[in-house]
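Structure file upload39.txt (compact mmCIF, C-alpha atoms and all ligand atoms) follows.
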# COMPACT_ATOMS: atom_id res chain seq x y z
CA MET H 326 41.24 76.25 93.40
CA LEU H 327 41.32 78.89 90.69
CA ARG H 328 43.53 77.88 87.77
CA TYR H 329 43.86 78.64 84.11
CA LEU H 330 45.46 77.34 80.96
CA THR H 331 45.95 78.81 77.53
CA ALA H 332 46.63 77.20 74.15
CA GLY H 333 47.21 78.52 70.67
CA GLU H 334 49.90 79.95 68.43
CA SER H 335 50.69 83.47 67.30
CA HIS H 336 49.59 82.76 63.71
CA GLY H 337 47.31 79.79 64.35
CA GLU H 338 43.54 79.93 63.94
CA THR H 339 42.64 80.64 67.56
CA LEU H 340 43.94 81.31 71.05
CA THR H 341 42.04 79.48 73.76
CA GLY H 342 41.88 80.26 77.46
CA ILE H 343 40.21 78.12 80.12
CA LEU H 344 39.54 79.38 83.65
CA GLU H 345 38.44 76.86 86.24
CA GLY H 346 37.21 77.42 89.80
CA PHE H 347 35.67 80.82 89.14
CA PRO H 348 32.49 81.54 91.15
CA ALA H 349 28.98 81.81 89.73
CA GLY H 350 26.95 84.99 89.58
CA VAL H 351 29.61 87.41 88.35
CA PRO H 352 28.24 89.59 85.54
CA VAL H 353 30.71 89.75 82.64
CA THR H 354 29.74 91.18 79.25
CA ALA H 355 31.43 90.99 75.87
CA ALA H 356 32.07 94.73 76.24
CA HIS H 357 34.09 94.14 79.43
CA ILE H 358 36.36 91.66 77.63
CA ALA H 359 36.60 93.73 74.43
CA THR H 360 37.63 96.82 76.44
CA GLN H 361 40.48 94.98 78.15
CA LEU H 362 41.69 93.31 74.93
CA LYS H 363 41.71 96.71 73.25
CA ARG H 364 43.79 98.23 76.06
CA ARG H 365 46.43 95.55 75.46
CA ARG H 366 46.22 95.69 71.68
CA LEU H 367 46.38 99.45 71.27
CA ALA H 368 48.86 100.27 74.03
CA PRO H 369 51.53 102.78 72.92
CA GLY H 370 54.50 101.32 71.04
CA ARG H 371 52.71 98.43 69.38
CA GLY H 372 53.72 97.44 65.84
CA PRO H 373 51.82 97.16 62.53
CA ARG H 374 50.14 93.84 63.42
CA GLN H 375 47.75 95.66 65.73
CA ALA H 376 46.29 97.63 62.81
CA HIS H 377 44.65 94.48 61.42
CA GLU H 378 44.33 92.36 64.60
CA ALA H 379 40.74 92.70 65.78
CA ASP H 380 40.88 90.27 68.75
CA ALA H 381 37.46 88.89 67.75
CA PHE H 382 36.48 86.51 70.54
CA ALA H 383 33.74 84.22 71.78
CA VAL H 384 33.05 82.97 75.29
CA THR H 385 32.05 79.40 74.56
CA ALA H 386 31.56 78.04 78.08
CA GLY H 387 30.91 79.08 81.67
CA LEU H 388 28.74 82.10 80.92
CA HIS H 389 24.94 82.16 80.67
CA LYS H 390 22.99 85.35 79.92
CA GLY H 391 26.00 87.45 80.85
CA MET H 392 26.53 85.72 84.23
CA THR H 393 29.24 83.24 85.17
CA THR H 394 27.78 79.85 86.06
CA GLY H 395 30.60 78.34 88.15
CA ALA H 396 31.49 75.97 85.29
CA PRO H 397 34.90 76.24 83.58
CA ILE H 398 35.03 79.36 81.41
CA ALA H 399 36.38 79.04 77.86
CA VAL H 400 37.33 82.00 75.68
CA ASN H 401 38.45 81.72 72.06
CA ILE H 402 40.20 84.62 70.36
CA SER H 403 40.64 84.46 66.58
CA ASN H 404 43.84 85.55 64.89
CA SER H 405 42.90 87.78 61.97
CA ARG H 406 45.54 86.40 59.58
CA PRO H 407 46.34 82.78 60.41
CA LEU H 408 49.17 81.26 58.37
CA GLN H 409 48.28 78.26 56.21
CA LYS H 410 51.97 77.34 56.08
CA LEU H 411 54.60 78.24 58.66
CA PRO H 412 57.80 79.88 57.41
CA PHE H 413 61.00 77.86 57.85
CA SER H 414 64.03 79.45 59.48
CA GLU H 415 67.17 77.79 60.82
CA VAL H 416 68.21 81.11 62.36
CA PRO H 417 67.14 81.74 65.97
CA ARG H 418 66.19 85.34 66.69
CA PRO H 419 68.53 86.73 69.40
CA GLY H 420 66.86 87.61 72.70
CA HIS H 421 63.93 85.29 72.01
CA ALA H 422 62.94 81.78 73.06
CA ASP H 423 64.13 80.48 69.66
CA LEU H 424 67.61 79.12 70.47
CA ALA H 425 66.73 77.58 73.86
CA GLY H 426 63.51 76.13 72.41
CA MET H 427 65.18 74.71 69.27
CA ILE H 428 67.73 72.95 71.49
CA LYS H 429 65.11 71.80 74.01
CA TYR H 430 62.69 70.34 71.45
CA GLY H 431 65.35 69.25 68.91
CA VAL H 432 63.89 71.22 65.98
CA LEU H 433 65.68 73.18 63.26
CA ASN H 434 62.78 75.50 62.48
CA SER H 435 62.65 78.51 64.81
CA ALA H 436 59.02 79.19 63.77
CA LEU H 437 57.94 76.10 65.70
CA ILE H 438 59.21 77.73 68.89
CA ARG H 439 58.30 81.35 68.36
CA GLU H 440 54.70 80.62 67.43
CA ARG H 441 53.96 79.56 71.01
CA ALA H 442 56.57 81.68 72.84
CA SER H 443 55.13 84.83 71.26
CA ALA H 444 53.42 87.40 73.49
CA ARG H 445 50.31 86.99 71.34
CA GLU H 446 49.38 84.37 73.97
CA THR H 447 48.95 87.13 76.53
CA ALA H 448 45.69 88.14 74.79
CA ALA H 449 44.18 84.93 76.23
CA ARG H 450 45.49 85.81 79.69
CA VAL H 451 43.90 89.26 79.42
CA ALA H 452 40.55 87.77 78.37
CA LEU H 453 40.56 85.41 81.37
CA GLY H 454 41.90 88.12 83.67
CA THR H 455 38.89 90.26 82.80
CA PHE H 456 36.72 87.80 84.76
CA ALA H 457 38.99 88.19 87.77
CA LEU H 458 38.97 91.99 87.44
CA ARG H 459 35.16 91.91 87.42
CA LEU H 460 35.06 89.85 90.61
CA HIS H 461 37.47 92.26 92.31
CA ALA H 462 35.53 95.32 91.14
CA LEU H 463 32.31 93.95 92.63
CA LEU H 464 34.14 93.48 95.94
CA GLY H 465 35.54 97.02 95.90
CA ILE H 466 39.08 96.03 94.84
CA ARG H 467 40.54 98.37 92.21
CA PHE H 468 43.48 97.78 89.86
CA SER H 469 45.48 100.43 88.05
CA SER H 470 48.82 100.56 86.29
CA ARG H 471 51.10 103.19 84.82
CA VAL H 472 54.43 103.24 83.05
CA ILE H 473 56.96 105.11 85.17
CA SER H 474 59.94 104.95 82.83
CA LEU H 475 60.45 104.39 79.12
CA GLY H 476 64.09 103.81 78.19
CA ALA H 477 66.01 106.52 80.06
CA ASN H 478 62.95 108.81 80.34
CA THR H 479 61.38 109.06 83.77
CA ALA H 480 59.36 112.29 83.54
CA LEU H 481 56.75 110.85 81.19
CA THR H 482 54.16 112.95 79.41
CA GLY H 483 52.22 112.04 76.26
CA LYS H 484 54.60 114.23 74.23
CA ILE H 485 57.76 112.69 75.70
CA ILE H 486 56.42 109.17 75.13
CA SER H 487 55.54 109.85 71.48
CA ALA H 488 58.90 111.51 70.83
CA ALA H 489 60.88 108.70 72.50
CA LEU H 490 58.99 106.03 70.53
CA ALA H 491 59.37 107.91 67.24
CA ALA H 492 63.10 108.40 67.81
CA ALA H 493 63.59 104.72 68.64
CA ARG H 494 61.61 103.74 65.52
CA ARG H 495 63.78 106.01 63.35
CA ARG H 496 66.92 104.36 64.74
CA GLY H 497 65.43 100.92 64.07
CA ASP H 498 65.74 100.38 67.82
CA THR H 499 63.35 99.44 70.63
CA LEU H 500 62.82 100.52 74.26
CA GLY H 501 62.28 98.88 77.61
CA GLY H 502 60.76 100.45 80.68
CA VAL H 503 59.27 100.06 84.13
CA PHE H 504 55.59 99.88 85.02
CA GLU H 505 53.90 100.16 88.38
CA LEU H 506 50.80 98.23 89.36
CA ARG H 507 48.58 99.33 92.26
CA VAL H 508 45.74 97.42 93.85
CA ASN H 509 43.54 99.32 96.29
CA GLY H 510 40.93 97.83 98.58
CA LEU H 511 42.43 94.36 99.12
CA PRO H 512 41.29 92.80 102.39
CA ALA H 513 44.10 92.18 104.88
CA GLY H 514 45.24 88.59 105.37
CA LEU H 515 45.33 87.23 101.81
CA GLY H 516 48.23 84.84 101.20
CA ALA H 517 50.10 83.08 104.00
CA CYS H 518 53.41 82.97 105.83
CA SER H 519 53.19 79.25 106.49
CA GLN H 520 55.17 78.06 103.46
CA GLY H 521 57.47 79.88 101.08
CA ALA H 522 55.34 79.04 98.07
CA ALA H 523 52.20 80.28 99.86
CA ARG H 524 53.63 83.77 100.31
CA LEU H 525 51.61 86.14 98.18
CA GLY H 526 54.73 88.02 97.07
CA ALA H 527 56.14 84.78 95.66
CA ARG H 528 52.88 84.03 93.87
CA LEU H 529 52.61 87.52 92.41
CA ALA H 530 56.26 87.47 91.34
CA ALA H 531 55.64 84.20 89.50
CA ALA H 532 52.51 85.61 87.82
CA LEU H 533 54.28 88.75 86.67
CA PHE H 534 57.56 87.07 85.69
CA ALA H 535 55.41 84.83 83.51
CA ILE H 536 54.79 87.83 81.24
CA ASN H 537 57.19 87.85 78.27
CA SER H 538 59.98 90.42 78.64
CA VAL H 539 59.54 91.00 82.39
CA LYS H 540 63.04 90.88 83.88
CA GLY H 541 62.66 92.58 87.25
CA PHE H 542 60.07 92.63 90.04
CA GLU H 543 59.76 94.80 93.13
CA VAL H 544 57.28 95.11 95.98
CA GLY H 545 56.87 98.54 97.60
CA GLY H 546 60.29 100.05 98.33
CA GLY H 547 61.84 97.16 96.36
CA PHE H 548 65.49 97.47 95.42
CA ALA H 549 65.75 100.91 97.05
CA LEU H 550 65.09 99.25 100.43
CA ALA H 551 68.53 97.67 100.25
CA ALA H 552 70.07 101.10 100.76
CA ALA H 553 67.58 102.37 103.37
CA GLY H 554 68.25 102.28 107.10
CA GLY H 555 66.31 99.72 109.13
CA ARG H 556 64.55 102.42 111.15
CA GLN H 557 63.38 104.17 107.98
CA ALA H 558 62.31 100.91 106.33
CA ALA H 559 60.50 99.35 109.29
CA GLN H 560 58.63 102.50 110.30
CA ASN H 561 57.41 103.51 106.87
CA PRO H 562 54.39 101.32 106.08
CA GLY H 563 54.34 102.63 102.50
CA LEU H 564 57.61 100.82 101.81
CA SER H 565 56.05 97.42 102.47
CA GLY H 566 53.99 97.79 99.30
CA GLY H 567 50.97 96.21 100.98
CA LEU H 568 52.62 92.89 101.83
CA ASP H 569 54.21 91.73 105.08
CA GLY H 570 55.37 88.16 105.59
CA GLY H 571 53.68 87.07 102.38
CA MET H 572 50.23 88.43 103.37
CA THR H 573 48.28 91.53 102.47
CA ASN H 574 48.36 94.03 105.34
CA GLY H 575 45.44 96.23 104.32
CA ALA H 576 47.60 98.91 102.64
CA PRO H 577 47.54 99.39 98.85
CA LEU H 578 49.53 96.73 97.00
CA ILE H 579 52.32 98.33 94.98
CA LEU H 580 54.34 96.26 92.51
CA ARG H 581 56.84 97.32 89.86
CA CYS H 582 58.28 95.40 86.93
CA ALA H 583 61.21 96.09 84.62
CA VAL H 584 60.48 95.17 81.00
CA LYS H 585 63.39 94.57 78.64
CA PRO H 586 63.54 96.27 75.22
CA VAL H 587 61.73 94.30 72.52
CA PRO H 588 64.40 92.01 71.00
CA GLY H 589 63.08 92.07 67.40
CA LEU H 590 64.88 94.94 65.63
CA ARG H 591 63.89 96.57 62.35
CA ALA H 592 67.57 97.45 61.87
CA GLY H 593 68.40 93.74 62.26
CA ALA H 594 70.34 91.70 64.82
CA LEU H 595 73.17 89.25 64.23
CA SER H 596 72.58 85.55 64.76
CA THR H 597 73.87 82.18 63.50
CA ASN H 598 72.28 79.70 61.08
CA LEU H 599 72.06 76.48 63.10
CA LYS H 600 72.52 74.30 59.99
CA THR H 601 75.46 76.06 58.31
CA PHE H 602 76.80 77.85 61.42
CA LYS H 603 77.29 80.93 59.25
CA GLN H 604 76.45 84.36 60.59
CA ALA H 605 73.00 85.64 59.62
CA LEU H 606 71.14 88.93 60.06
CA VAL H 607 67.60 88.72 61.47
CA ILE H 608 65.39 91.65 60.53
CA SER H 609 62.06 92.08 62.35
CA LYS H 610 60.04 94.45 60.23
CA THR H 611 56.82 94.22 62.20
CA SER H 612 58.13 94.36 65.77
CA ASP H 613 56.63 96.51 68.47
CA THR H 614 58.78 99.46 69.54
CA THR H 615 58.15 98.81 73.21
CA ALA H 616 56.19 96.20 75.17
CA VAL H 617 56.14 98.08 78.47
CA PHE H 618 52.71 99.72 78.06
CA ALA H 619 51.05 96.50 76.92
CA ALA H 620 52.88 94.54 79.64
CA ALA H 621 51.39 96.87 82.28
CA VAL H 622 47.88 96.00 81.07
CA ILE H 623 48.71 92.28 80.97
CA ALA H 624 50.12 92.55 84.50
CA GLU H 625 46.83 93.93 85.83
CA HIS H 626 45.12 90.80 84.53
CA ALA H 627 47.81 88.35 85.63
CA ALA H 628 47.80 89.86 89.13
CA ALA H 629 43.99 89.94 89.19
CA LEU H 630 43.90 86.18 88.49
CA GLU H 631 46.46 85.44 91.21
CA LEU H 632 44.71 87.67 93.75
CA ALA H 633 41.31 86.22 92.87
CA GLY H 634 42.78 82.80 93.68
CA ALA H 635 44.09 84.07 97.04
CA LEU H 636 40.74 85.70 97.78
CA LEU H 637 38.77 82.53 97.03
CA GLU H 638 41.15 80.51 99.23
CA LYS H 639 40.51 82.90 102.12
CA PHE H 640 36.76 83.34 101.76
CA GLY H 641 35.63 80.29 99.79
CA GLY H 642 32.24 80.51 98.14
CA ASP H 643 30.75 79.14 94.95
CA SER H 644 28.90 82.32 94.04
CA LEU H 645 29.35 86.06 94.34
CA ASP H 646 26.32 86.15 96.64
CA GLU H 647 28.16 83.89 99.07
CA ILE H 648 31.50 85.68 98.85
CA LYS H 649 30.29 89.28 99.16
CA PRO H 650 28.93 89.14 102.73
CA ARG H 651 31.95 87.15 103.90
CA VAL H 652 34.32 89.80 102.59
CA ALA H 653 32.17 92.58 104.07
CA GLN H 654 32.13 90.85 107.47
CA TRP H 655 35.92 90.38 107.34
CA ARG H 656 36.43 94.03 106.47
CA ARG H 657 34.31 95.06 109.49
CA GLN H 658 36.19 92.68 111.77
CA THR H 659 39.72 93.60 110.63
CA GLY H 660 38.81 97.27 110.26
CA LYS H 661 38.38 97.48 114.04
CA VAL H 662 42.10 96.79 114.44
CA LEU H 663 43.48 98.39 111.28
CA SER H 664 41.64 101.70 111.79
CA ARG H 665 43.30 102.13 115.22
CA LEU H 666 46.91 101.68 114.04
C1 LIG M 1 52.89 92.63 74.82
C2 LIG M 1 54.20 92.19 74.30
C3 LIG M 1 54.51 92.38 72.98
C4 LIG M 1 55.73 92.00 72.46
N1 LIG M 1 56.01 92.22 71.14
C5 LIG M 1 57.20 91.85 70.63
C6 LIG M 1 57.51 92.11 69.26
O1 LIG M 1 56.72 92.68 68.51
N2 LIG M 1 58.73 91.71 68.81
C7 LIG M 1 59.64 91.10 69.59
O2 LIG M 1 60.72 90.78 69.15
N3 LIG M 1 59.37 90.83 70.90
C8 LIG M 1 58.17 91.20 71.43
N4 LIG M 1 57.90 90.98 72.75
C9 LIG M 1 58.92 90.37 73.59
C10 LIG M 1 59.03 88.89 73.44
O3 LIG M 1 57.77 88.28 73.52
C11 LIG M 1 59.96 88.31 74.52
O4 LIG M 1 61.00 89.14 74.84
C12 LIG M 1 60.51 87.05 74.00
O5 LIG M 1 59.46 86.12 73.84
C13 LIG M 1 61.60 86.46 74.89
O6 LIG M 1 61.05 86.09 76.11
P1 LIG M 1 61.62 86.66 77.46
O7 LIG M 1 61.95 88.09 77.21
O8 LIG M 1 60.52 86.49 78.42
O9 LIG M 1 62.83 85.86 77.80
C14 LIG M 1 56.69 91.37 73.29
C15 LIG M 1 56.38 91.16 74.65
C16 LIG M 1 55.15 91.58 75.15
C17 LIG M 1 54.85 91.38 76.61
Write out the structure in this file as structure tokens.
Amino acid sequence: MLRYLTAGESHGETLTGILEGFPAGVPVTAAHIATQLKRRRLAPGRGPRQAHEADAFAVTAGLHKGMTTGAPIAVNISNSRPLQKLPFSEVPRPGHADLAGMIKYGVLNSALIRERASARETAARVALGTFALRLHALLGIRFSSRVISLGANTALTGKIISAALAAARRRGDTLGGVFELRVNGLPAGLGACSQGAARLGARLAAALFAINSVKGFEVGGGFALAAAGGRQAAQNPGLSGGLDGGMTNGAPLILRCAVKPVPGLRAGALSTNLKTFKQALVISKTSDTTAVFAAAVIAEHAAALELAGALLEKFGGDSLDEIKPRVAQWRRQTGKVLSRL
């Protein structure tokens, strides 16, 4: 079983990710990981923290001479400016985990909640997801993502994106958006229809909803399918988004996620001091202007981990050398049917 865990706080010393159940013999270099971390870090709309955050990392286990060994993989990512002393705030930031977390854990300091709830944690998921992306790439499975709307803008060009972000920044406001994730080359038959939780759509939804700020999820035709006629929906394979009955059907996998606007506002947002119950203004000077571009990158990695798990369940194998011929044989076998449809 492929599984992973992360630990670490937004302003702690280190973020740690552990990936267990990953096969041996997959070449992964520091450059592969650095490239993916950089895509997340420098995505459009990020705030001032990214100027000093270097995402310096070390793979401390599971890799030998640039090759995975089959042992649990550990990645540590340093935070460039760890805090020696946490700030104290009795004021939960609206739209964040603060209030729910302060109530849940019975603490009066919102910093104790936000340090772990922060999306800084997603850097560890991206580092681990890089291993999964490498496995997929070597099996001919390709991931890509793009932002298809930013706030109310749907016809996105570089110029429109820059202008929308600059205008939001000037207003002290932030933007949400929608990203689309495509996976080409997935073998048919990953996932299962035997139990609800085994359905690949359910697994992918959980993986993508686990990304901070993701508030909506669609497969293929998604919400638009509700308004389509049955004849149109059933006879248009593109609308399935690559999944039928919780299994891959050999078509490209197409997922979309809605990302809410970043809740931390430079212009400030009203909240309540949980000790005095007086109104308080929370100003977030260093917030990102949008998370949608970074979330798209994170989603590639989160989906790659989930799909690597589904792939290993279907084909088994402790090493890439074992898995590769099995996948190739399956493609030949299923291709005989799929190519005639
Ligand atoms: C990559 C990324 C970066 C984010 N950056 C910020 C930020 O700078 N400021 C902020 O207030 N929220 C930011 N968020 C959003 C919060 O992490 C998120 O909305 C918050 O933790 C509440 O969780 P929820 O939206 O999942 O309920 C970011 C989210 C992501 C995915």
Take the point (62.6, 90.6, 61.5) in the file's coordinates, draw a sphere of radius 8 Å around it, and report as number ranges by chain every protein, DNA or RNA residue with an atom inside or on it, counting all atoms listed in the file. H: 589-591, 593, 607-612
Just-selected residues, C-alpha atoms written as a tab-separated table (two decimals), in the frame of the given file:
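Output below, filename again.tsv:
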chain	number	residue	atom	x	y	z
H	589	GLY	CA	63.08	92.07	67.40
H	590	LEU	CA	64.88	94.94	65.63
H	591	ARG	CA	63.89	96.57	62.35
H	593	GLY	CA	68.40	93.74	62.26
H	607	VAL	CA	67.60	88.72	61.47
H	608	ILE	CA	65.39	91.65	60.53
H	609	SER	CA	62.06	92.08	62.35
H	610	LYS	CA	60.04	94.45	60.23
H	611	THR	CA	56.82	94.22	62.20
H	612	SER	CA	58.13	94.36	65.77
Excluding range 557-572 of chain H and its own-chain neighbours fewer than 3 positions away, which residues fall within 8 Å of it when counting all atoms listed in the file? Please give them as a PyMOL selection string. chain H and resi 513-518+523-527+544-547+550+553-554+575-580
Contacts of range 476-510 of chain H with range 619-638 of chain H up to 12 Å, shortest pair per row, only C-alpha atoms, as CSV:
residue,atom,partner,partner_atom,distance
H:Gly501,CA,H:Ala620,CA,10.6
H:Gly502,CA,H:Ala620,CA,9.9
H:Val503,CA,H:Ala621,CA,8.7
H:Phe504,CA,H:Ala621,CA,5.8
H:Glu505,CA,H:Ala621,CA,7.4
H:Leu506,CA,H:Glu625,CA,6.8
H:Arg507,CA,H:Glu625,CA,8.6
H:Val508,CA,H:Glu625,CA,8.8
H:Asn509,CA,H:Ala629,CA,11.8
H:Gly510,CA,H:Leu632,CA,11.9
Can you tell me, as number ranges by chain, what residues are no more than 8 Å from range 421-435 of chain H when counting all atoms listed in the file, ignoring any on the same chain fewer than 6 positions away? H: 413-415, 442, 588, 599-600
Between H:Asn478, H:Thr385, H:Asn574, H:Asn401, which has the minimum distance to Ala332 in chain H (counting only C-alpha atoms)? H:Asn401
Nearby residues (all atoms listed in the file) at most 9 Å from Leu340 in chain H, same-chain spacing under 4 positions excluded, as a PyMOL selection string: chain H and resi 331-335+400-404+445-446+448-449
Considering only C-alpha atoms and all ligand atoms, can you say which of H:His389, H:Lys540, H:His377, H:Arg556 comes closest to ligand LIG 1 (chain M)?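 With only C-alpha atoms and all ligand atoms as the atom set, the closest residue is H:Lys540.
For the residues H:Phe542, H:Ile536, H:Pro512, H:Asp498, ranking by smallest atom-to-atom distance to Arg651 in chain H using only C-alpha atoms places H:Pro512 first.
Closest to ligand LIG 1 (chain M) among H:Leu645, H:Leu500, H:Val353, H:Ala549 is H:Leu500, based on all atoms listed in the file.
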Can you list, as a list in words, every protein, DNA or RNA residue that comes within 12 Å of Ala653 in chain H when you count all atoms listed in the file, leaving out same-chain residues fewer than 2 positions away?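 These residues fall inside the cut-off: Leu463, Leu464, Gly465, Gly510, Leu511, Pro512, Ala513, Phe640, Asp646, Glu647, Ile648, Lys649, Pro650, Arg651, Trp655, Arg656, Arg657, Gln658, Thr659 and Gly660 of chain H.
Nearest residue to ligand LIG 1 (chain M) among H:Thr573, H:Ser538, H:Ser470, H:Thr482 is H:Ser538, counting only C-alpha atoms and all ligand atoms.
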Please determine an axis-aligned box that encloses all atoms of ligand LIG 1 (chain M) listed in the file, with 5 Å added on each side, and express its centre and edge lengths in Å to one decimal as AutoDock Vina command-line options.
--center_x 57.9 --center_y 89.3 --center_z 73.5 --size_x 19.9 --size_y 16.8 --size_z 19.9
